[in-house]
Structure formats: C-alpha cells, structure tokens
Amino acid sequence: MNPKIWSDEELLHYITTEDRAEMEELFAAARKVRKEHYGLDVYFRGLIECTNYCKNDCYYCGIRRSNAGANRYRLGSEEILECCRTGDTLGFRTFVLQGGEDPWFTDDRLCEIIRTIRTEFPDHAITLSMGERSRKSYKALFYAGVNRYLLRHESGDDTHYSAIHPPEMKLSSRKKCLYTLKELGFQTGAGFMTGAPFQTAECLLADLRFLQEMEPHMAGIGPFVPAAHTPFADHPAGSTDLTLRMAALTRLILPRVLLPATTALGVLSRDGMEQALLAGANVVMPNLSPGYAKKRYSIYNNKPYTDDEAAEGLHSMILRVKAAGFVPNMGARGDAKPA
Ligand code: 5AD
C-alpha cells in the first residue's frame, strides 16, 4: 500500500471507508511501515501546558479569547522549570512547552526561559508549541535552544480553514510559518483535527496532500471534541475510526513521521491510545503540568485530567504501552530521522 502515489479518488476511498477489513488492512500496512523505521519503540514527551491565555479566537477552541468562562492561568518561569525537573527525574528527555498565543510570552521572556532550561538540561530536546510568531522570533527561539516546533495547520483547505477561524486568521500565514520553521532548522510538526465542523472528505484529502508536500517531521492528528462556551459547542465530536484512518494514511505517506497518539482520541475511546499505536502512531505525551493547569487548559470538553502526580500518570501509561505490545523508550530523545 503506497498512498503517496495514489490518485485523489483512491485516497478518498480510504479516507471514507467504513469497511472493517479495509481499515484493518490500512492499519496493518501503517504498523509495518512504522516498524521498519522505528521498531516497536514508543517515544515519551513531557507536556507542559504553560498558559491558557490566547489572543486568537478559533471557533472550536475552549481557550479562545472570547470564552469568558475560561479560567485563565500562566505558569511562571520557576514553575515551568520545576515541571522540567520533575520530568527529568522521571526519565523524560523531551519537554513540550505548549500554550495559547499569549502576548505575555514576548521573545525576550520566552528566550530567557528557554536558555534557562537549555543550560540546566543541555542534552534534552525542547519543543515549543505557541502558535504563529514572526520569523525573527522563531530564529531567536532556535538560537536560544528550541529544537522542535509544533504548529498544526488545522485545515489544508482554504475555505474550510476560514469556516473554523475568524477572518483575521489565514491558512496562508499558517503555512508560511510552517515553512519558515522548517527552513530555520526546527524539527517541525503540522497537523489537523478530524471530524471538525464543516469538514468534508475533500478537506481531509487536502490535509494529506499538504503533509505530502510539506513533509513535516511530526504530525498531530486528533478528533474534534466540542468545547463548552464556543461557537461549535453543539457540534458532534469526530470519530475514532476516521482519526485512525487519517493517522494510518499519514504514516504511509510520511513513513518516518513522528506521530503522537493524541489525548483527544482518549476522550472518544478508553483505548484510543492503544488503537492509535496499532494504526501507526509512535509517540505519547504524558502531562507534566501542575494539577490546576491541567484542569484549566481545557481546549475541549472532558479533557482527561487527574490530580495524580506526574509519576502515577506516567507509570500507568508505560504499562498500557507495554500491554499493547510496544516498547516504551524514555531514554531516547526520539528525534526525527532524516527522510
Ligand atoms: N477539539 C479537538 N482539538 C482541538 N484543538 C483545539 N480545540 C480543539 C477541540 N475543540 C486542537 C487544535 C490545536 C491543538 C492544540 O488542539 O488543533 O492546534
């Protein structure tokens, strides 16, 4: 199975198929490709949700600026550093600093935080996921020590992108940021939601074609889950099967991509993580944020959070990864392999 050379019609067929046997064939092909490149290893990233302030107003997102119901917080530098220390003690070699587009995190402040982490953890991978910034900003962050940057493209179809974002947000700006990040030398992650309001099979085809063209090192793919107090609060959630088909197709189109089993999938199915690993995913991202932040970083309803210590969450995830037949690899940074 090589969807890279498939016609649009063939791709659309597998994007939409409900045939169990065909889906299993797709997942098995994705598993095989992933095994050729990464074996059975699953890489662990420690997620730190730094801020839920956001200047953007994406219609689907629970931390959009217009959501007066969102209980806002921002971690201080020392708190972020503490999360990194906890993560390091637990064995993490990658930290992912994620947040809304919070203007408090100016280049100076963010670079200072990054330099502090970089000094204390010279060998760890630092990933940032804080939205669209200028080329100058990305460059400064790269030289401060950031290795990777996640910025989902959200939708590869212009019309659909405009249907789920306010007019001031443009797919062209998003794509420009992604190409800039890649050119500057970041391991770069794109991605999208499945089952988002107004999304058609053709939109998902555009997502795959964009990934094929851009060749990101990472791809975040998760189902849309409605978020309270947003314009899309009453839209239905996406489906597990569609998300798994899109993850598997992504693995086949980008054999070496680092593909997380996303948290949103776990909201739809108890065994969402396991199913994603069996459909070609090879990354998990346990949450290292303080309890209060996990709770308030509610980009969608029912986001799982526990007041568990990070250690407990990690322990149960390691057991689940093993039980699914995979090998937790905490010790490696799990960098993208050259294409
Ligand atoms: N459902 C699922 N995913 C969402 N995101 C934001 N809001 C939602 C939602 N309601 C995703 C976006 C964003 C990422 C951090 O979370 O794709 O890029």
# chains A, B, ... in the order shown; residues from 1 in each chain; ligands from 1

$ residues_near_ligand --ligand "ligand 1" --cutoff "10 Å" --atoms "only C-alpha atoms and all ligand atoms" --output "count of residues only"
51

$ residues_around --residues "Ala332 of chain A" --least-positions-apart "6" --cutoff "9 Å" --atoms "only C-alpha atoms" --output "list in words"
Tyr43, Phe44, Phe92, Arg93 and Thr94 of chain A

$ write_last_selection --atoms "N, CA and C atoms" --output "PDB file, in the first residue's frame"
ATOM      1  N   TYR A  43       8.039   6.720  21.837  1.00  0.00           N
ATOM      2  CA  TYR A  43       8.756   7.820  22.483  1.00  0.00           C
ATOM      3  C   TYR A  43       7.828   8.610  23.394  1.00  0.00           C
ATOM      4  N   PHE A  44       8.390   9.035  24.514  1.00  0.00           N
ATOM      5  CA  PHE A  44       7.619   9.788  25.509  1.00  0.00           C
ATOM      6  C   PHE A  44       8.040  11.254  25.522  1.00  0.00           C
ATOM      7  N   PHE A  92      12.178  11.662  31.412  1.00  0.00           N
ATOM      8  CA  PHE A  92      11.874  12.296  30.118  1.00  0.00           C
ATOM      9  C   PHE A  92      13.115  12.952  29.535  1.00  0.00           C
ATOM     10  N   ARG A  93      13.255  12.841  28.221  1.00  0.00           N
ATOM     11  CA  ARG A  93      14.351  13.514  27.520  1.00  0.00           C
ATOM     12  C   ARG A  93      13.844  14.546  26.521  1.00  0.00           C
ATOM     13  N   THR A  94      12.517  14.737  26.520  1.00  0.00           N
ATOM     14  CA  THR A  94      11.900  15.771  25.684  1.00  0.00           C
ATOM     15  C   THR A  94      10.847  16.513  26.491  1.00  0.00           C
TER      16      THR A  94
END

$ select_by_dssp --residues "segment 193-301 of chain A" --states "alpha helix (DSSP H)" --output "PDB file with N, CA and C atoms, in the first residue's frame"
ATOM      1  N   ALA A 201     -14.703  15.092   3.183  1.00  0.00           N
ATOM      2  CA  ALA A 201     -13.622  14.171   2.823  1.00  0.00           C
ATOM      3  C   ALA A 201     -12.583  14.898   1.970  1.00  0.00           C
ATOM      4  N   GLU A 202     -13.045  15.835   1.141  1.00  0.00           N
ATOM      5  CA  GLU A 202     -12.105  16.597   0.300  1.00  0.00           C
ATOM      6  C   GLU A 202     -11.184  17.466   1.153  1.00  0.00           C
ATOM      7  N   CYS A 203     -11.709  17.981   2.262  1.00  0.00           N
ATOM      8  CA  CYS A 203     -10.840  18.758   3.176  1.00  0.00           C
ATOM      9  C   CYS A 203      -9.726  17.854   3.719  1.00  0.00           C
ATOM     10  N   LEU A 204     -10.101  16.639   4.093  1.00  0.00           N
ATOM     11  CA  LEU A 204      -9.105  15.709   4.643  1.00  0.00           C
ATOM     12  C   LEU A 204      -8.092  15.302   3.570  1.00  0.00           C
ATOM     13  N   LEU A 205      -8.565  15.205   2.342  1.00  0.00           N
ATOM     14  CA  LEU A 205      -7.645  14.936   1.233  1.00  0.00           C
ATOM     15  C   LEU A 205      -6.634  16.076   1.135  1.00  0.00           C
ATOM     16  N   ALA A 206      -7.133  17.313   1.256  1.00  0.00           N
ATOM     17  CA  ALA A 206      -6.240  18.482   1.204  1.00  0.00           C
ATOM     18  C   ALA A 206      -5.234  18.430   2.359  1.00  0.00           C
ATOM     19  N   ASP A 207      -5.668  17.949   3.530  1.00  0.00           N
ATOM     20  CA  ASP A 207      -4.740  17.809   4.660  1.00  0.00           C
ATOM     21  C   ASP A 207      -3.605  16.849   4.316  1.00  0.00           C
ATOM     22  N   LEU A 208      -3.965  15.708   3.737  1.00  0.00           N
ATOM     23  CA  LEU A 208      -2.932  14.721   3.388  1.00  0.00           C
ATOM     24  C   LEU A 208      -2.011  15.251   2.299  1.00  0.00           C
ATOM     25  N   ARG A 209      -2.588  15.929   1.312  1.00  0.00           N
ATOM     26  CA  ARG A 209      -1.752  16.486   0.232  1.00  0.00           C
ATOM     27  C   ARG A 209      -0.809  17.557   0.787  1.00  0.00           C
ATOM     28  N   PHE A 210      -1.288  18.328   1.757  1.00  0.00           N
ATOM     29  CA  PHE A 210      -0.406  19.333   2.353  1.00  0.00           C
ATOM     30  C   PHE A 210       0.753  18.653   3.098  1.00  0.00           C
ATOM     31  N   LEU A 211       0.443  17.603   3.854  1.00  0.00           N
ATOM     32  CA  LEU A 211       1.511  16.890   4.571  1.00  0.00           C
ATOM     33  C   LEU A 211       2.518  16.310   3.574  1.00  0.00           C
ATOM     34  N   GLN A 212       1.982  15.768   2.482  1.00  0.00           N
ATOM     35  CA  GLN A 212       2.837  15.180   1.457  1.00  0.00           C
ATOM     36  C   GLN A 212       3.769  16.224   0.846  1.00  0.00           C
ATOM     37  N   GLU A 213       3.233  17.428   0.660  1.00  0.00           N
ATOM     38  CA  GLU A 213       4.030  18.493   0.054  1.00  0.00           C
ATOM     39  C   GLU A 213       5.044  19.063   1.056  1.00  0.00           C
ATOM     40  N   MET A 214       4.588  19.323   2.269  1.00  0.00           N
ATOM     41  CA  MET A 214       5.441  19.998   3.243  1.00  0.00           C
ATOM     42  C   MET A 214       6.456  19.083   3.927  1.00  0.00           C
ATOM     43  N   THR A 240     -13.463   7.992  16.266  1.00  0.00           N
ATOM     44  CA  THR A 240     -12.202   7.273  16.447  1.00  0.00           C
ATOM     45  C   THR A 240     -11.737   6.673  15.122  1.00  0.00           C
ATOM     46  N   ASP A 241     -12.647   6.006  14.421  1.00  0.00           N
ATOM     47  CA  ASP A 241     -12.245   5.330  13.181  1.00  0.00           C
ATOM     48  C   ASP A 241     -11.659   6.293  12.152  1.00  0.00           C
ATOM     49  N   LEU A 242     -12.327   7.425  11.980  1.00  0.00           N
ATOM     50  CA  LEU A 242     -11.813   8.399  10.998  1.00  0.00           C
ATOM     51  C   LEU A 242     -10.418   8.875  11.414  1.00  0.00           C
ATOM     52  N   THR A 243     -10.251   9.129  12.701  1.00  0.00           N
ATOM     53  CA  THR A 243      -8.949   9.595  13.186  1.00  0.00           C
ATOM     54  C   THR A 243      -7.869   8.539  12.942  1.00  0.00           C
ATOM     55  N   LEU A 244      -8.221   7.279  13.182  1.00  0.00           N
ATOM     56  CA  LEU A 244      -7.243   6.205  12.975  1.00  0.00           C
ATOM     57  C   LEU A 244      -6.898   6.047  11.495  1.00  0.00           C
ATOM     58  N   ARG A 245      -7.921   6.179  10.638  1.00  0.00           N
ATOM     59  CA  ARG A 245      -7.639   6.076   9.193  1.00  0.00           C
ATOM     60  C   ARG A 245      -6.699   7.195   8.753  1.00  0.00           C
ATOM     61  N   MET A 246      -6.928   8.402   9.270  1.00  0.00           N
ATOM     62  CA  MET A 246      -6.079   9.533   8.872  1.00  0.00           C
ATOM     63  C   MET A 246      -4.658   9.379   9.429  1.00  0.00           C
ATOM     64  N   ALA A 247      -4.552   8.835  10.644  1.00  0.00           N
ATOM     65  CA  ALA A 247      -3.216   8.596  11.222  1.00  0.00           C
ATOM     66  C   ALA A 247      -2.475   7.553  10.379  1.00  0.00           C
ATOM     67  N   ALA A 248      -3.168   6.479  10.016  1.00  0.00           N
ATOM     68  CA  ALA A 248      -2.531   5.410   9.240  1.00  0.00           C
ATOM     69  C   ALA A 248      -2.107   5.919   7.861  1.00  0.00           C
ATOM     70  N   LEU A 249      -2.975   6.690   7.217  1.00  0.00           N
ATOM     71  CA  LEU A 249      -2.626   7.232   5.891  1.00  0.00           C
ATOM     72  C   LEU A 249      -1.420   8.159   6.002  1.00  0.00           C
ATOM     73  N   THR A 250      -1.377   8.937   7.088  1.00  0.00           N
ATOM     74  CA  THR A 250      -0.238   9.838   7.305  1.00  0.00           C
ATOM     75  C   THR A 250       1.052   9.040   7.476  1.00  0.00           C
ATOM     76  N   ARG A 251       0.994   7.968   8.240  1.00  0.00           N
ATOM     77  CA  ARG A 251       2.177   7.106   8.406  1.00  0.00           C
ATOM     78  C   ARG A 251       2.649   6.550   7.065  1.00  0.00           C
ATOM     79  N   LEU A 252       1.705   6.184   6.198  1.00  0.00           N
ATOM     80  CA  LEU A 252       2.079   5.595   4.911  1.00  0.00           C
ATOM     81  C   LEU A 252       2.635   6.653   3.946  1.00  0.00           C
ATOM     82  N   ILE A 253       2.126   7.871   4.070  1.00  0.00           N
ATOM     83  CA  ILE A 253       2.590   8.946   3.175  1.00  0.00           C
ATOM     84  C   ILE A 253       3.936   9.495   3.654  1.00  0.00           C
ATOM     85  N   THR A 263      -4.220  13.039  22.838  1.00  0.00           N
ATOM     86  CA  THR A 263      -5.066  12.995  24.029  1.00  0.00           C
ATOM     87  C   THR A 263      -6.547  13.014  23.664  1.00  0.00           C
ATOM     88  N   ALA A 264      -6.908  13.788  22.610  1.00  0.00           N
ATOM     89  CA  ALA A 264      -8.318  13.924  22.241  1.00  0.00           C
ATOM     90  C   ALA A 264      -8.914  12.565  21.868  1.00  0.00           C
ATOM     91  N   LEU A 265      -8.093  11.696  21.294  1.00  0.00           N
ATOM     92  CA  LEU A 265      -8.578  10.358  20.932  1.00  0.00           C
ATOM     93  C   LEU A 265      -8.991   9.580  22.178  1.00  0.00           C
ATOM     94  N   GLY A 266      -8.261   9.823  23.256  1.00  0.00           N
ATOM     95  CA  GLY A 266      -8.570   9.174  24.518  1.00  0.00           C
ATOM     96  C   GLY A 266      -9.900   9.619  25.109  1.00  0.00           C
ATOM     97  N   VAL A 267     -10.398  10.770  24.648  1.00  0.00           N
ATOM     98  CA  VAL A 267     -11.703  11.241  25.128  1.00  0.00           C
ATOM     99  C   VAL A 267     -12.815  10.434  24.475  1.00  0.00           C
ATOM    100  N   LEU A 268     -12.608  10.066  23.208  1.00  0.00           N
ATOM    101  CA  LEU A 268     -13.642   9.324  22.480  1.00  0.00           C
ATOM    102  C   LEU A 268     -13.643   7.836  22.833  1.00  0.00           C
ATOM    103  N   GLY A 272      -8.193   4.608  23.142  1.00  0.00           N
ATOM    104  CA  GLY A 272      -7.795   5.416  21.981  1.00  0.00           C
ATOM    105  C   GLY A 272      -6.286   5.388  21.756  1.00  0.00           C
ATOM    106  N   MET A 273      -5.530   5.476  22.830  1.00  0.00           N
ATOM    107  CA  MET A 273      -4.073   5.482  22.691  1.00  0.00           C
ATOM    108  C   MET A 273      -3.576   4.177  22.075  1.00  0.00           C
ATOM    109  N   GLU A 274      -4.060   3.063  22.606  1.00  0.00           N
ATOM    110  CA  GLU A 274      -3.635   1.754  22.103  1.00  0.00           C
ATOM    111  C   GLU A 274      -3.997   1.605  20.635  1.00  0.00           C
ATOM    112  N   GLN A 275      -5.224   2.021  20.296  1.00  0.00           N
ATOM    113  CA  GLN A 275      -5.661   1.894  18.897  1.00  0.00           C
ATOM    114  C   GLN A 275      -4.797   2.744  17.967  1.00  0.00           C
ATOM    115  N   ALA A 276      -4.417   3.933  18.435  1.00  0.00           N
ATOM    116  CA  ALA A 276      -3.569   4.793  17.600  1.00  0.00           C
ATOM    117  C   ALA A 276      -2.196   4.144  17.389  1.00  0.00           C
ATOM    118  N   LEU A 277      -1.636   3.550  18.446  1.00  0.00           N
ATOM    119  CA  LEU A 277      -0.338   2.886  18.300  1.00  0.00           C
ATOM    120  C   LEU A 277      -0.435   1.748  17.278  1.00  0.00           C
ATOM    121  N   GLY A 291      -1.416  20.228  38.611  1.00  0.00           N
ATOM    122  CA  GLY A 291      -2.830  19.842  38.586  1.00  0.00           C
ATOM    123  C   GLY A 291      -3.777  20.951  38.179  1.00  0.00           C
ATOM    124  N   TYR A 292      -3.584  22.146  38.731  1.00  0.00           N
ATOM    125  CA  TYR A 292      -4.530  23.225  38.440  1.00  0.00           C
ATOM    126  C   TYR A 292      -4.458  23.641  36.973  1.00  0.00           C
ATOM    127  N   ALA A 293      -3.272  23.541  36.384  1.00  0.00           N
ATOM    128  CA  ALA A 293      -3.110  23.926  34.977  1.00  0.00           C
ATOM    129  C   ALA A 293      -3.764  22.890  34.064  1.00  0.00           C
ATOM    130  N   LYS A 294      -3.557  21.613  34.377  1.00  0.00           N
ATOM    131  CA  LYS A 294      -4.162  20.535  33.580  1.00  0.00           C
ATOM    132  C   LYS A 294      -5.666  20.742  33.484  1.00  0.00           C
ATOM    133  N   LYS A 295      -6.247  21.124  34.623  1.00  0.00           N
ATOM    134  CA  LYS A 295      -7.690  21.287  34.685  1.00  0.00           C
ATOM    135  C   LYS A 295      -8.146  22.495  33.862  1.00  0.00           C
ATOM    136  N   ARG A 296      -7.379  23.573  33.931  1.00  0.00           N
ATOM    137  CA  ARG A 296      -7.826  24.798  33.275  1.00  0.00           C
ATOM    138  C   ARG A 296      -7.438  24.862  31.796  1.00  0.00           C
TER     139      ARG A 296
END

$ closest_residue --among "A:Pro167, A:Gly46, A:Pro103, A:Pro122" --to "Leu90 of chain A" --atoms "only C-alpha atoms"
A:Gly46

$ residues_around --residues "Arg148 of chain A" --least-positions-apart "3" --cutoff "7 Å" --atoms "only C-alpha atoms" --output "number ranges by chain"
A: 126-128, 186-188

$ write_last_selection --atoms "C-alpha atoms" --output "PDB file, in the first residue's frame"
ATOM      1  CA  ILE A 126      12.974  21.282  23.821  1.00  0.00           C
ATOM      2  CA  THR A 127       9.765  21.530  21.808  1.00  0.00           C
ATOM      3  CA  LEU A 128       7.669  24.660  21.636  1.00  0.00           C
ATOM      4  CA  PHE A 186      13.400  23.131  13.603  1.00  0.00           C
ATOM      5  CA  GLN A 187      12.005  19.628  13.558  1.00  0.00           C
ATOM      6  CA  THR A 188       8.578  20.841  12.590  1.00  0.00           C
TER       7      THR A 188
END

$ residues_around --residues "Glu25 of chain A" --least-positions-apart "4" --cutoff "12 Å" --atoms "only C-alpha atoms" --output "list of chain:residue names"
A:Met1, A:Tyr14, A:Thr17, A:Asp19, A:Arg20, A:Ala21, A:Ala29, A:Ala30, A:Arg31, A:Lys32, A:Arg245, A:Ala248, A:Leu249, A:Leu278, A:Ala279

$ write_last_selection --atoms "N, CA, C and O atoms" --output "PDB file, in the first residue's frame"
ATOM      1  N   MET A   1       0.836  -1.210   0.000  1.00  0.00           N
ATOM      2  CA  MET A   1       0.000   0.000   0.000  1.00  0.00           C
ATOM      3  C   MET A   1       0.858   1.242   0.000  1.00  0.00           C
ATOM      4  O   MET A   1       1.612   1.477   0.937  1.00  0.00           O
ATOM      5  N   TYR A  14     -10.067   5.498   0.862  1.00  0.00           N
ATOM      6  CA  TYR A  14      -9.579   5.042   2.175  1.00  0.00           C
ATOM      7  C   TYR A  14      -9.845   6.055   3.294  1.00  0.00           C
ATOM      8  O   TYR A  14      -9.933   5.679   4.456  1.00  0.00           O
ATOM      9  N   THR A  17     -13.652   4.954   3.922  1.00  0.00           N
ATOM     10  CA  THR A  17     -14.149   3.579   4.019  1.00  0.00           C
ATOM     11  C   THR A  17     -14.629   3.220   5.430  1.00  0.00           C
ATOM     12  O   THR A  17     -14.013   3.599   6.430  1.00  0.00           O
ATOM     13  N   ASP A  19     -15.491  -0.020   5.769  1.00  0.00           N
ATOM     14  CA  ASP A  19     -15.321  -1.460   5.666  1.00  0.00           C
ATOM     15  C   ASP A  19     -14.215  -1.914   6.638  1.00  0.00           C
ATOM     16  O   ASP A  19     -13.065  -1.494   6.530  1.00  0.00           O
ATOM     17  N   ARG A  20     -14.613  -2.771   7.590  1.00  0.00           N
ATOM     18  CA  ARG A  20     -13.679  -3.194   8.648  1.00  0.00           C
ATOM     19  C   ARG A  20     -12.406  -3.824   8.089  1.00  0.00           C
ATOM     20  O   ARG A  20     -11.295  -3.538   8.532  1.00  0.00           O
ATOM     21  N   ALA A  21     -12.603  -4.710   7.097  1.00  0.00           N
ATOM     22  CA  ALA A  21     -11.447  -5.426   6.537  1.00  0.00           C
ATOM     23  C   ALA A  21     -10.483  -4.435   5.873  1.00  0.00           C
ATOM     24  O   ALA A  21      -9.263  -4.532   6.040  1.00  0.00           O
ATOM     25  N   ALA A  29      -0.803  -2.094   7.346  1.00  0.00           N
ATOM     26  CA  ALA A  29       0.232  -1.523   6.469  1.00  0.00           C
ATOM     27  C   ALA A  29       0.976  -0.403   7.207  1.00  0.00           C
ATOM     28  O   ALA A  29       2.208  -0.299   7.130  1.00  0.00           O
ATOM     29  N   ALA A  30       0.236   0.436   7.939  1.00  0.00           N
ATOM     30  CA  ALA A  30       0.856   1.539   8.684  1.00  0.00           C
ATOM     31  C   ALA A  30       1.773   0.997   9.787  1.00  0.00           C
ATOM     32  O   ALA A  30       2.878   1.500  10.003  1.00  0.00           O
ATOM     33  N   ARG A  31       1.304  -0.066  10.478  1.00  0.00           N
ATOM     34  CA  ARG A  31       2.134  -0.691  11.528  1.00  0.00           C
ATOM     35  C   ARG A  31       3.446  -1.219  10.955  1.00  0.00           C
ATOM     36  O   ARG A  31       4.500  -1.081  11.562  1.00  0.00           O
ATOM     37  N   LYS A  32       3.347  -1.823   9.795  1.00  0.00           N
ATOM     38  CA  LYS A  32       4.522  -2.422   9.172  1.00  0.00           C
ATOM     39  C   LYS A  32       5.551  -1.338   8.829  1.00  0.00           C
ATOM     40  O   LYS A  32       6.742  -1.479   9.139  1.00  0.00           O
ATOM     41  N   ARG A 245      -7.921   6.179  10.638  1.00  0.00           N
ATOM     42  CA  ARG A 245      -7.639   6.076   9.193  1.00  0.00           C
ATOM     43  C   ARG A 245      -6.699   7.195   8.753  1.00  0.00           C
ATOM     44  O   ARG A 245      -5.750   6.962   7.990  1.00  0.00           O
ATOM     45  N   ALA A 248      -3.168   6.479  10.016  1.00  0.00           N
ATOM     46  CA  ALA A 248      -2.531   5.410   9.240  1.00  0.00           C
ATOM     47  C   ALA A 248      -2.107   5.919   7.861  1.00  0.00           C
ATOM     48  O   ALA A 248      -0.997   5.635   7.392  1.00  0.00           O
ATOM     49  N   LEU A 249      -2.975   6.690   7.217  1.00  0.00           N
ATOM     50  CA  LEU A 249      -2.626   7.232   5.891  1.00  0.00           C
ATOM     51  C   LEU A 249      -1.420   8.159   6.002  1.00  0.00           C
ATOM     52  O   LEU A 249      -0.530   8.160   5.151  1.00  0.00           O
ATOM     53  N   LEU A 278      -1.589   1.084  17.266  1.00  0.00           N
ATOM     54  CA  LEU A 278      -1.792  -0.026  16.339  1.00  0.00           C
ATOM     55  C   LEU A 278      -2.117   0.460  14.927  1.00  0.00           C
ATOM     56  O   LEU A 278      -2.207  -0.337  13.995  1.00  0.00           O
ATOM     57  N   ALA A 279      -2.309   1.770  14.776  1.00  0.00           N
ATOM     58  CA  ALA A 279      -2.582   2.325  13.448  1.00  0.00           C
ATOM     59  C   ALA A 279      -1.403   3.170  12.970  1.00  0.00           C
ATOM     60  O   ALA A 279      -1.545   3.978  12.053  1.00  0.00           O
TER      61      ALA A 279
END

$ atom_distance --atom1 "atom CA of Asn56 of chain A" --atom2 "atom CA of Lys170 of chain A"
11.8 Å

$ select_by_dssp --residues "segment 97-204 of chain A" --states "strand (DSSP E or B)" --output "MDAnalysis selection string"
chainID A and resid 97:99 125:129 148:150 154 187:194

$ write_last_selection --atoms "N, CA and C atoms" --output "compact mmCIF listing (two decimals), in the first residue's frame"
# COMPACT_ATOMS: atom_id res chain seq x y z
N LEU A 97 6.72 22.52 25.58
CA LEU A 97 6.09 23.69 26.20
C LEU A 97 4.98 24.17 25.27
N GLN A 98 3.74 24.00 25.74
CA GLN A 98 2.61 24.34 24.89
C GLN A 98 1.77 25.44 25.52
N GLY A 99 1.14 26.24 24.68
CA GLY A 99 0.28 27.28 25.23
C GLY A 99 -0.52 27.98 24.16
N ALA A 125 15.67 17.43 24.41
CA ALA A 125 15.00 18.12 23.30
C ALA A 125 13.98 19.07 23.89
N ILE A 126 13.98 20.30 23.40
CA ILE A 126 12.97 21.28 23.82
C ILE A 126 12.06 21.56 22.63
N THR A 127 10.78 21.30 22.85
CA THR A 127 9.77 21.53 21.81
C THR A 127 8.88 22.68 22.25
N LEU A 128 8.55 23.54 21.33
CA LEU A 128 7.67 24.66 21.64
C LEU A 128 6.42 24.56 20.78
N SER A 129 5.29 24.92 21.37
CA SER A 129 4.03 24.91 20.63
C SER A 129 3.24 26.13 21.11
N ARG A 148 12.45 21.86 18.41
CA ARG A 148 11.28 21.42 17.64
C ARG A 148 10.14 22.41 17.84
N TYR A 149 9.26 22.48 16.85
CA TYR A 149 8.12 23.39 16.97
C TYR A 149 6.88 22.73 16.39
N LEU A 150 5.82 22.72 17.18
CA LEU A 150 4.54 22.16 16.73
C LEU A 150 3.58 23.29 16.40
N GLU A 154 -4.15 22.92 10.92
CA GLU A 154 -5.58 22.92 11.28
C GLU A 154 -6.51 22.52 10.13
N GLN A 187 12.84 20.77 13.89
CA GLN A 187 12.00 19.63 13.56
C GLN A 187 10.58 20.16 13.72
N THR A 188 9.84 20.11 12.65
CA THR A 188 8.58 20.84 12.59
C THR A 188 7.38 19.92 12.53
N GLY A 189 6.35 20.28 13.29
CA GLY A 189 5.13 19.46 13.31
C GLY A 189 3.94 20.22 12.77
N ALA A 190 3.21 19.59 11.84
CA ALA A 190 1.93 20.14 11.37
C ALA A 190 0.82 19.24 11.91
N GLY A 191 -0.39 19.43 11.45
CA GLY A 191 -1.47 18.54 11.91
C GLY A 191 -2.83 19.18 11.81
N PHE A 192 -3.84 18.40 12.13
CA PHE A 192 -5.22 18.85 11.94
C PHE A 192 -6.17 18.01 12.79
N MET A 193 -7.41 18.52 12.87
CA MET A 193 -8.46 17.77 13.57
C MET A 193 -9.24 16.94 12.56
N THR A 194 -9.81 15.85 13.02
CA THR A 194 -10.70 15.05 12.18
C THR A 194 -12.12 15.25 12.69

$ atom_distance --atom1 "atom CA of Gly39 of chain A" --atom2 "atom CA of Asp271 of chain A"
21.4 Å

$ residues_around --residues "Tyr73 of chain A" --least-positions-apart "4" --cutoff "7 Å" --atoms "only C-alpha atoms" --output "count of residues only"
3

$ closest_residue --among "A:Met317, A:Ile117, A:Met169, A:Leu110" --to "Glu132 of chain A" --atoms "only C-alpha atoms"
A:Met169

$ decode --residues "segment 85-90 of chain A" --atoms "all heavy atoms" --output "PDB file, in the first residue's frame"
ATOM      1  N   ARG A  85      12.160  19.727  35.755  1.00  0.00           N
ATOM      2  CA  ARG A  85      12.952  18.937  36.716  1.00  0.00           C
ATOM      3  C   ARG A  85      12.225  17.655  37.087  1.00  0.00           C
ATOM      4  O   ARG A  85      12.829  16.574  37.150  1.00  0.00           O
ATOM      5  CB  ARG A  85      13.246  19.758  37.972  1.00  0.00           C
ATOM      6  CG  ARG A  85      14.206  20.889  37.702  1.00  0.00           C
ATOM      7  CD  ARG A  85      14.596  21.618  38.993  1.00  0.00           C
ATOM      8  NE  ARG A  85      15.460  22.753  38.658  1.00  0.00           N
ATOM      9  CZ  ARG A  85      15.254  24.006  39.043  1.00  0.00           C
ATOM     10  NH1 ARG A  85      14.213  24.314  39.818  1.00  0.00           N
ATOM     11  NH2 ARG A  85      16.079  24.960  38.678  1.00  0.00           N
ATOM     12  N   THR A  86      10.917  17.787  37.334  1.00  0.00           N
ATOM     13  CA  THR A  86      10.130  16.592  37.636  1.00  0.00           C
ATOM     14  C   THR A  86      10.216  15.612  36.470  1.00  0.00           C
ATOM     15  O   THR A  86      10.448  14.414  36.656  1.00  0.00           O
ATOM     16  CB  THR A  86       8.632  16.967  37.842  1.00  0.00           C
ATOM     17  OG1 THR A  86       8.565  17.976  38.837  1.00  0.00           O
ATOM     18  CG2 THR A  86       7.805  15.772  38.245  1.00  0.00           C
ATOM     19  N   GLY A  87      10.043  16.143  35.271  1.00  0.00           N
ATOM     20  CA  GLY A  87      10.087  15.306  34.073  1.00  0.00           C
ATOM     21  C   GLY A  87      11.430  14.620  33.920  1.00  0.00           C
ATOM     22  O   GLY A  87      11.511  13.414  33.641  1.00  0.00           O
ATOM     23  N   ASP A  88      12.489  15.368  34.135  1.00  0.00           N
ATOM     24  CA  ASP A  88      13.825  14.798  34.005  1.00  0.00           C
ATOM     25  C   ASP A  88      14.035  13.662  34.998  1.00  0.00           C
ATOM     26  O   ASP A  88      14.552  12.590  34.651  1.00  0.00           O
ATOM     27  CB  ASP A  88      14.866  15.901  34.216  1.00  0.00           C
ATOM     28  CG  ASP A  88      16.274  15.334  34.233  1.00  0.00           C
ATOM     29  OD1 ASP A  88      16.677  14.756  33.214  1.00  0.00           O
ATOM     30  OD2 ASP A  88      16.945  15.451  35.284  1.00  0.00           O
ATOM     31  N   THR A  89      13.593  13.890  36.240  1.00  0.00           N
ATOM     32  CA  THR A  89      13.729  12.859  37.273  1.00  0.00           C
ATOM     33  C   THR A  89      12.968  11.595  36.881  1.00  0.00           C
ATOM     34  O   THR A  89      13.404  10.474  37.146  1.00  0.00           O
ATOM     35  CB  THR A  89      13.186  13.387  38.626  1.00  0.00           C
ATOM     36  OG1 THR A  89      13.849  14.611  38.914  1.00  0.00           O
ATOM     37  CG2 THR A  89      13.430  12.399  39.753  1.00  0.00           C
ATOM     38  N   LEU A  90      11.812  11.799  36.212  1.00  0.00           N
ATOM     39  CA  LEU A  90      11.020  10.650  35.786  1.00  0.00           C
ATOM     40  C   LEU A  90      11.616   9.952  34.564  1.00  0.00           C
ATOM     41  O   LEU A  90      11.162   8.882  34.174  1.00  0.00           O
ATOM     42  CB  LEU A  90       9.584  11.088  35.463  1.00  0.00           C
ATOM     43  CG  LEU A  90       8.734  11.553  36.639  1.00  0.00           C
ATOM     44  CD1 LEU A  90       7.441  12.181  36.150  1.00  0.00           C
ATOM     45  CD2 LEU A  90       8.437  10.372  37.565  1.00  0.00           C
TER      46      LEU A  90
END
